[in-house]
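**Q** Take this structure, written in structure tokens, and hold onto it; I'll ask about it next.
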Amino acid sequence: MQVPLVCPSCRARLDETPTGYRCPDCGAVYPFDRGVPRFVEVDPFYEGRWARPDFSRGSLRNWLVKKERFFLKRLQGQRGVLLDLGCGGGWAVFAAVGHAVGLDISVTSLLAARQVYPQVVCASLEALPFPDGAFDFVVSSDVLGHVPLGVKDRVLAEIWRVLKPGGRTLHYIEADGSDPAIRFARRYPGLFRKYIIEPEGHIGLETPEQIFKRFQAAGFRPRVELPVYRGLLYWGRVRQYFDNEYRGKNFWVDRWVDLARVFTAHPFLEVGGNVLVALALEVGDRVFPPEWAGGVLVDYVKGG
Ligand SMILES: [Zn+2]
């Protein structure tokens with residue numbers, strides 16, 4: 001069983017041709033690109049950037065990394081048709097739910113995701129090529145922070161449209177935290193853009209509160225809204241953010257980078273160091289203020 005494809009501009013059911021899909025209503029043509037139906041132009045920033053399939057399904061790392069544990073626990077035993085938005089290389093935990101469809105704007109990522117998902121499409125988040133009510137679950141991880149603010153409501157409306165009534169949507173969303181290190185970083189807007197926003201394409205960050213409000217305004221009923229990753233970063237991230245022209249500007253940030261250099265000196269040390277961070281985050285997420293959160297974990301239901 002495949003989820004049927006519709007025209008993302010006029011929503012008519014598409015006809016399959018040897019070279020792609022054709023819309024019987026508006027005449028639009030959507031080609032196969034290396035066998036993947038493609039509805040958008042290639043975006044060089046994303047093409048092939050996150051393209052490794054994740055076959056883990058209950059590994060030790062899944063249990064240590066809070067966002068992975070969240071999906072693992074909340075989807076355990078759930079069955080249905082699932083859409084993974086911005087799927088990158090795909091994840092076996094999502095595939096275990098049932099027929100899973102991977103959607104991404106990178107064809108290279110989708111070729112990898114095909115090892116995990118039986119159906120993949122290259123399309124934009126704001127115009128999904130699926131019929132209304134096609135999915136029981138719509139999920140994403142590390143994706144919605146990449147969506148420009150002016151487009152977010154359209155993306156949520158599309159998630160609402162393709163979900164069945166009573167369907168669930170679960171996300172890890174990067175948030176605009178305001179912990180002391182990020183507040184310090186913001187004092188240098190040029191560096192902030194260069195080292196914190198642009199390397200990952202986090203052009204659409206909002207505060208945890210703004211994210212929750214947006215989902216609720218779109219009609220979603222919250223089951224879980226959890227600000228996470230409060231005040232701490234994994235060691236590689238510390239170096240990416242602050243081991244650069246930020247050096248010499250703040251005593252404590254410099255010491256943090258020194259420590260990050262030690263922990264990233266060897267892969268074994270880095271794994272051990274990141275386990276320590278994961279454990280410290282369990283404490284930090286309980287004691288630090290929610291505004292410090294670098295991300296949110298959410299689980300919403302469509303309808304009453
Ligand atoms: Zn059409």
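Identifiers for the structure tokens are assigned positionally: chains receive A, B, ... in sequence, residues are indexed from 1 per chain, and ligands are indexed from 1 in the order shown.
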Could you build a table of the residues in range 155-234 of chain A lying no more than 10 Å from range 61-79 of chain A, giving for each the nearest pair of atoms and their separation in Å rounded to one decimal place, using only C-alpha atoms, ordered by chain and ascending residue number, as a Markdown table?
**A**
```
| residue | atom | partner | partner_atom | distance |
| --- | --- | --- | --- | --- |
| A:Leu170 | CA | A:Phe71 | CA | 7.7 |
| A:His171 | CA | A:Phe71 | CA | 8.4 |
| A:Tyr172 | CA | A:Lys67 | CA | 6.4 |
| A:Ile173 | CA | A:Lys67 | CA | 9.6 |
| A:Val228 | CA | A:Lys66 | CA | 8.2 |
| A:Tyr229 | CA | A:Lys66 | CA | 8.5 |
```
**Q** Keeping only N, CA and C atoms, write the selected residues to a file as an mmCIF file, in the first residue's frame.
**A**
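Result went into out.cif, see below:
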```
data_model
loop_
_atom_site.group_PDB
_atom_site.id
_atom_site.type_symbol
_atom_site.label_atom_id
_atom_site.label_comp_id
_atom_site.auth_asym_id
_atom_site.auth_seq_id
_atom_site.Cartn_x
_atom_site.Cartn_y
_atom_site.Cartn_z
ATOM 1 N N LEU A 170 3.957 14.679 16.435
ATOM 2 C CA LEU A 170 5.023 14.734 17.448
ATOM 3 C C LEU A 170 6.270 15.342 16.827
ATOM 4 N N HIS A 171 6.902 16.242 17.570
ATOM 5 C CA HIS A 171 8.071 16.921 17.016
ATOM 6 C C HIS A 171 9.122 17.207 18.081
ATOM 7 N N TYR A 172 10.382 17.168 17.632
ATOM 8 C CA TYR A 172 11.425 17.886 18.364
ATOM 9 C C TYR A 172 11.707 19.142 17.544
ATOM 10 N N ILE A 173 11.566 20.297 18.177
ATOM 11 C CA ILE A 173 11.742 21.568 17.465
ATOM 12 C C ILE A 173 12.821 22.395 18.152
ATOM 13 N N VAL A 228 13.071 21.542 26.567
ATOM 14 C CA VAL A 228 14.205 20.675 26.918
ATOM 15 C C VAL A 228 15.534 21.273 26.464
ATOM 16 N N TYR A 229 16.626 20.590 26.836
ATOM 17 C CA TYR A 229 17.977 21.062 26.509
ATOM 18 C C TYR A 229 18.201 22.453 27.094
#
```
**Q** If you run DSSP on the backbone, which residues of range 36-270 of chain A are alpha helix (DSSP H), as a short mmCIF file (atom, residue, chain, number, x, y, z; two decimals) with C-alpha atoms, in the first residue's frame?
**A**
```cif
data_model
loop_
_atom_site.label_atom_id
_atom_site.label_comp_id
_atom_site.auth_asym_id
_atom_site.auth_seq_id
_atom_site.Cartn_x
_atom_site.Cartn_y
_atom_site.Cartn_z
CA LEU A 60 21.48 2.75 24.46
CA ARG A 61 21.94 6.06 22.67
CA ASN A 62 18.19 6.26 21.93
CA TRP A 63 17.56 6.03 25.68
CA LEU A 64 20.25 8.55 26.61
CA LYS A 66 16.25 12.86 25.34
CA LYS A 67 14.59 13.61 22.01
CA GLU A 68 15.16 10.05 20.76
CA ARG A 69 13.78 8.62 24.01
CA PHE A 70 10.71 10.83 23.63
CA PHE A 71 9.81 9.40 20.21
CA LEU A 72 10.71 5.87 21.25
CA LYS A 73 8.48 5.95 24.32
CA ARG A 74 5.53 7.81 22.82
CA LEU A 75 5.41 5.73 19.62
CA ALA A 92 13.83 2.90 12.07
CA VAL A 93 11.78 3.99 15.12
CA PHE A 94 9.42 5.90 12.82
CA ALA A 95 9.35 3.08 10.27
CA VAL A 107 16.86 13.69 -3.09
CA THR A 108 20.21 12.36 -1.85
CA SER A 109 18.76 12.09 1.67
CA LEU A 110 15.69 10.34 0.29
CA LEU A 111 17.77 7.76 -1.57
CA ALA A 112 19.27 6.88 1.83
CA ALA A 113 15.86 7.01 3.53
CA LEU A 149 8.63 32.35 10.43
CA GLY A 150 6.35 33.56 7.64
CA VAL A 151 5.82 30.01 6.38
CA LYS A 152 5.25 28.18 9.68
CA ASP A 153 1.48 28.63 9.87
CA ARG A 154 1.13 27.18 6.36
CA VAL A 155 3.19 24.16 7.39
CA LEU A 156 1.02 23.58 10.49
CA ALA A 157 -2.13 23.94 8.36
CA GLU A 158 -0.75 21.28 6.01
CA ILE A 159 0.03 18.94 8.93
CA TRP A 160 -3.55 19.46 10.14
CA ARG A 161 -4.95 18.75 6.67
CA VAL A 162 -3.10 15.49 6.04
CA PRO A 180 23.28 32.86 29.83
CA ALA A 181 25.60 31.54 27.08
CA ILE A 182 23.11 32.32 24.30
CA ARG A 183 22.39 35.76 25.78
CA PHE A 184 26.14 36.41 25.74
CA ALA A 185 26.39 35.12 22.17
CA ARG A 186 23.63 37.46 21.00
CA PRO A 189 25.01 39.58 16.13
CA GLY A 190 27.50 38.98 13.32
CA LEU A 191 29.17 36.10 15.14
CA PRO A 208 9.18 27.57 23.53
CA GLU A 209 6.11 29.64 24.44
CA GLN A 210 5.73 30.95 20.86
CA ILE A 211 5.97 27.41 19.46
CA PHE A 212 3.25 26.09 21.80
CA LYS A 213 0.96 29.04 21.02
CA ARG A 214 1.35 28.52 17.28
CA PHE A 215 0.33 24.86 17.44
CA GLN A 216 -2.63 25.64 19.68
CA ALA A 217 -3.75 28.50 17.42
CA TRP A 235 30.76 19.21 23.37
CA GLY A 236 31.05 19.38 19.59
CA ARG A 237 28.32 22.01 19.58
CA VAL A 238 30.16 24.07 22.23
CA ARG A 239 33.17 24.23 19.90
CA GLN A 240 31.07 25.00 16.82
CA TYR A 241 29.38 27.87 18.64
CA PHE A 242 32.21 29.37 20.67
CA PHE A 251 35.89 34.14 30.99
CA TRP A 252 33.37 31.36 31.62
CA VAL A 253 32.62 30.68 27.96
CA ASP A 254 36.38 30.37 27.39
CA ARG A 255 36.64 27.77 30.17
CA TRP A 256 33.67 25.90 28.67
CA VAL A 257 35.46 25.82 25.31
CA ASP A 258 38.68 24.63 27.03
CA LEU A 259 36.73 21.73 28.49
CA ALA A 260 35.11 21.04 25.11
CA ARG A 261 38.56 20.89 23.51
CA VAL A 262 39.58 18.21 26.02
CA PHE A 263 36.43 16.18 25.47
CA PRO A 267 36.25 10.07 19.80
CA PHE A 268 36.03 7.85 22.90
CA LEU A 269 36.38 10.85 25.19
CA GLU A 270 33.73 12.69 23.23
#
```
**Q** Counting only C-alpha atoms and all ligand atoms, what are the residues of chain A within 7 Å of ligand 1, and for each of them which pair of atoms is the nearest and at what distance in Å, to one decimal? Sort the table by chain and rising number, as JSON lines.
**A**
```
{"residue": "A:Cys7", "atom": "CA", "partner": "ligand 1", "partner_atom_place_in_ligand_line": "1 (Zn)", "distance": 4.6}
{"residue": "A:Pro8", "atom": "CA", "partner": "ligand 1", "partner_atom_place_in_ligand_line": "1 (Zn)", "distance": 6.8}
{"residue": "A:Ser9", "atom": "CA", "partner": "ligand 1", "partner_atom_place_in_ligand_line": "1 (Zn)", "distance": 5.4}
{"residue": "A:Cys10", "atom": "CA", "partner": "ligand 1", "partner_atom_place_in_ligand_line": "1 (Zn)", "distance": 4.2}
{"residue": "A:Arg11", "atom": "CA", "partner": "ligand 1", "partner_atom_place_in_ligand_line": "1 (Zn)", "distance": 6.0}
{"residue": "A:Ala12", "atom": "CA", "partner": "ligand 1", "partner_atom_place_in_ligand_line": "1 (Zn)", "distance": 5.6}
{"residue": "A:Cys23", "atom": "CA", "partner": "ligand 1", "partner_atom_place_in_ligand_line": "1 (Zn)", "distance": 4.7}
{"residue": "A:Pro24", "atom": "CA", "partner": "ligand 1", "partner_atom_place_in_ligand_line": "1 (Zn)", "distance": 6.8}
{"residue": "A:Asp25", "atom": "CA", "partner": "ligand 1", "partner_atom_place_in_ligand_line": "1 (Zn)", "distance": 5.2}
{"residue": "A:Cys26", "atom": "CA", "partner": "ligand 1", "partner_atom_place_in_ligand_line": "1 (Zn)", "distance": 4.0}
{"residue": "A:Gly27", "atom": "CA", "partner": "ligand 1", "partner_atom_place_in_ligand_line": "1 (Zn)", "distance": 6.0}
{"residue": "A:Ala28", "atom": "CA", "partner": "ligand 1", "partner_atom_place_in_ligand_line": "1 (Zn)", "distance": 5.6}
```
**Q** Mind writing the picked residues with N, CA and C atoms as a compact mmCIF listing (two decimals), in the first residue's frame?
**A**
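Okay, part04.txt is ready:
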```txt
# COMPACT_ATOMS: atom_id res chain seq x y z
N CYS A 7 -1.67 16.64 -6.45
CA CYS A 7 -0.97 17.82 -6.95
C CYS A 7 -0.82 18.82 -5.80
N PRO A 8 0.43 19.23 -5.47
CA PRO A 8 0.59 20.16 -4.35
C PRO A 8 -0.01 21.55 -4.63
N SER A 9 -0.26 21.87 -5.89
CA SER A 9 -0.86 23.19 -6.11
C SER A 9 -2.38 23.12 -6.22
N CYS A 10 -2.96 22.07 -6.86
CA CYS A 10 -4.43 22.07 -6.96
C CYS A 10 -5.08 20.87 -6.27
N ARG A 11 -4.26 19.96 -5.71
CA ARG A 11 -4.73 18.82 -4.90
C ARG A 11 -5.50 17.76 -5.68
N ALA A 12 -5.45 17.80 -7.01
CA ALA A 12 -6.07 16.71 -7.79
C ALA A 12 -5.20 15.46 -7.66
N CYS A 23 -0.53 16.16 -13.42
CA CYS A 23 -1.80 16.55 -12.83
C CYS A 23 -2.86 16.65 -13.92
N PRO A 24 -3.94 15.86 -13.80
CA PRO A 24 -4.97 15.88 -14.84
C PRO A 24 -5.75 17.20 -14.84
N ASP A 25 -5.74 17.94 -13.73
CA ASP A 25 -6.52 19.17 -13.65
C ASP A 25 -5.74 20.39 -14.14
N CYS A 26 -4.55 20.63 -13.54
CA CYS A 26 -3.82 21.85 -13.91
C CYS A 26 -2.70 21.59 -14.89
N GLY A 27 -2.43 20.32 -15.22
CA GLY A 27 -1.42 20.01 -16.23
C GLY A 27 0.01 20.03 -15.72
N ALA A 28 0.20 20.33 -14.43
CA ALA A 28 1.57 20.37 -13.89
C ALA A 28 2.23 19.00 -14.02
```
**Q** Can you pull out the residues contacting Phe55 in chain A? Cut-off 9 Å, using only C-alpha atoms, and skip same-chain residues under 2 positions away; I want them as an mmCIF file with N, CA and C atoms, in the first residue's frame.
**A**
```cif
data_model
loop_
_atom_site.group_PDB
_atom_site.id
_atom_site.type_symbol
_atom_site.label_atom_id
_atom_site.label_comp_id
_atom_site.auth_asym_id
_atom_site.auth_seq_id
_atom_site.Cartn_x
_atom_site.Cartn_y
_atom_site.Cartn_z
ATOM 1 N N PRO A 53 20.970 6.982 7.027
ATOM 2 C CA PRO A 53 19.847 6.320 7.678
ATOM 3 C C PRO A 53 20.219 5.906 9.102
ATOM 4 N N ARG A 57 16.920 1.266 17.072
ATOM 5 C CA ARG A 57 15.533 1.105 17.499
ATOM 6 C C ARG A 57 15.548 0.588 18.927
ATOM 7 N N GLY A 90 16.172 9.087 7.374
ATOM 8 C CA GLY A 90 15.136 8.220 7.942
ATOM 9 C C GLY A 90 15.571 7.566 9.240
ATOM 10 N N TRP A 91 14.571 7.085 10.003
ATOM 11 C CA TRP A 91 14.850 6.492 11.314
ATOM 12 C C TRP A 91 13.948 5.289 11.525
ATOM 13 N N ALA A 92 14.563 4.166 11.913
ATOM 14 C CA ALA A 92 13.834 2.899 12.068
ATOM 15 C C ALA A 92 12.708 2.988 13.098
ATOM 16 N N VAL A 93 12.841 3.855 14.097
ATOM 17 C CA VAL A 93 11.782 3.987 15.120
ATOM 18 C C VAL A 93 10.487 4.487 14.469
ATOM 19 N N VAL A 116 15.015 2.691 4.742
ATOM 20 C CA VAL A 116 14.244 2.607 5.986
ATOM 21 C C VAL A 116 12.740 2.713 5.716
#
```
**Q** Report as CSV: every residue of range 191-265 of chain A with an atom at most 8 Å from range 287-297 of chain A, its closest pair of atoms, and their distance in Å to one decimal, counting only C-alpha atoms, with rows sorted by chain and ascending residue number.
**A**
```
residue,atom,partner,partner_atom,distance
A:Thr207,CA,A:Glu291,CA,7.2
A:Pro208,CA,A:Val296,CA,6.3
A:Val224,CA,A:Leu297,CA,7.4
A:Glu225,CA,A:Leu297,CA,6.0
A:Leu226,CA,A:Leu297,CA,5.1
A:Pro227,CA,A:Val296,CA,4.4
A:Val228,CA,A:Ala293,CA,5.0
A:Tyr229,CA,A:Ala293,CA,5.1
A:Arg230,CA,A:Ala293,CA,4.0
A:Gly231,CA,A:Trp292,CA,5.7
```
**Q** Please identify all polymer residues within 10 Å of Tyr21 in chain A, counting only C-alpha atoms, omitting same-chain residues fewer than 4 positions from it, and present them as an NGL selection string.
**A** :A and (5-7 or 13-17 or 27-32 or 37-39)
**Q** Please, could you write that set of residues out with N, CA and C atoms as a short mmCIF file (atom, residue, chain, number, x, y, z; two decimals), in the first residue's frame?
**A**
```cif
data_model
loop_
_atom_site.label_atom_id
_atom_site.label_comp_id
_atom_site.auth_asym_id
_atom_site.auth_seq_id
_atom_site.Cartn_x
_atom_site.Cartn_y
_atom_site.Cartn_z
N LEU A 5 -0.59 10.13 -4.27
CA LEU A 5 -0.04 11.49 -4.35
C LEU A 5 -1.04 12.42 -5.03
N VAL A 6 -1.11 13.65 -4.51
CA VAL A 6 -1.96 14.66 -5.13
C VAL A 6 -1.10 15.84 -5.57
N CYS A 7 -1.67 16.64 -6.45
CA CYS A 7 -0.97 17.82 -6.95
C CYS A 7 -0.82 18.82 -5.80
N ARG A 13 -5.83 14.29 -7.70
CA ARG A 13 -5.10 13.03 -7.67
C ARG A 13 -4.21 12.94 -8.92
N LEU A 14 -2.92 12.63 -8.74
CA LEU A 14 -1.99 12.66 -9.87
C LEU A 14 -2.02 11.35 -10.65
N ASP A 15 -1.75 11.45 -11.95
CA ASP A 15 -1.58 10.28 -12.80
C ASP A 15 -0.09 9.95 -12.91
N GLU A 16 0.23 8.66 -12.76
CA GLU A 16 1.63 8.26 -12.90
C GLU A 16 1.96 8.05 -14.36
N THR A 17 3.12 8.55 -14.79
CA THR A 17 3.60 8.34 -16.15
C THR A 17 4.98 7.68 -16.04
N GLY A 27 -2.43 20.32 -15.22
CA GLY A 27 -1.42 20.01 -16.23
C GLY A 27 0.01 20.03 -15.72
N ALA A 28 0.20 20.33 -14.43
CA ALA A 28 1.57 20.37 -13.89
C ALA A 28 2.23 19.00 -14.02
N VAL A 29 3.54 19.01 -14.26
CA VAL A 29 4.31 17.77 -14.42
C VAL A 29 5.37 17.71 -13.33
N TYR A 30 5.46 16.56 -12.66
CA TYR A 30 6.45 16.39 -11.59
C TYR A 30 7.31 15.18 -11.93
N PRO A 31 8.63 15.40 -12.11
CA PRO A 31 9.48 14.31 -12.61
C PRO A 31 9.92 13.34 -11.52
N PHE A 32 10.32 12.13 -11.93
CA PHE A 32 11.10 11.27 -11.05
C PHE A 32 12.55 11.75 -11.12
N PRO A 37 9.82 10.77 -6.67
CA PRO A 37 8.96 11.84 -7.18
C PRO A 37 9.39 13.19 -6.60
N ARG A 38 9.61 14.17 -7.49
CA ARG A 38 10.14 15.45 -7.01
C ARG A 38 9.16 16.58 -7.33
N PHE A 39 8.78 17.32 -6.28
CA PHE A 39 7.81 18.40 -6.40
C PHE A 39 8.42 19.78 -6.20
#
```
**Q** If we count only C-alpha atoms and set the cut-off at 9 Å, which residues sit around Gly167 in chain A, ignoring sequence neighbours fewer than 5 positions away in its own chain? Please answer as an NGL selection string.
**A** :A and (133 or 135-138 or 160 or 300-303)
**Q** Can you work out which one of A:Gly86, A:Pro18, A:Gly35, A:Pro118 has the shortest atom-to-atom distance to Ala51 in chain A, counting only C-alpha atoms?
**A**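 The answer is A:Gly86, which sits nearest to Ala51 in chain A.
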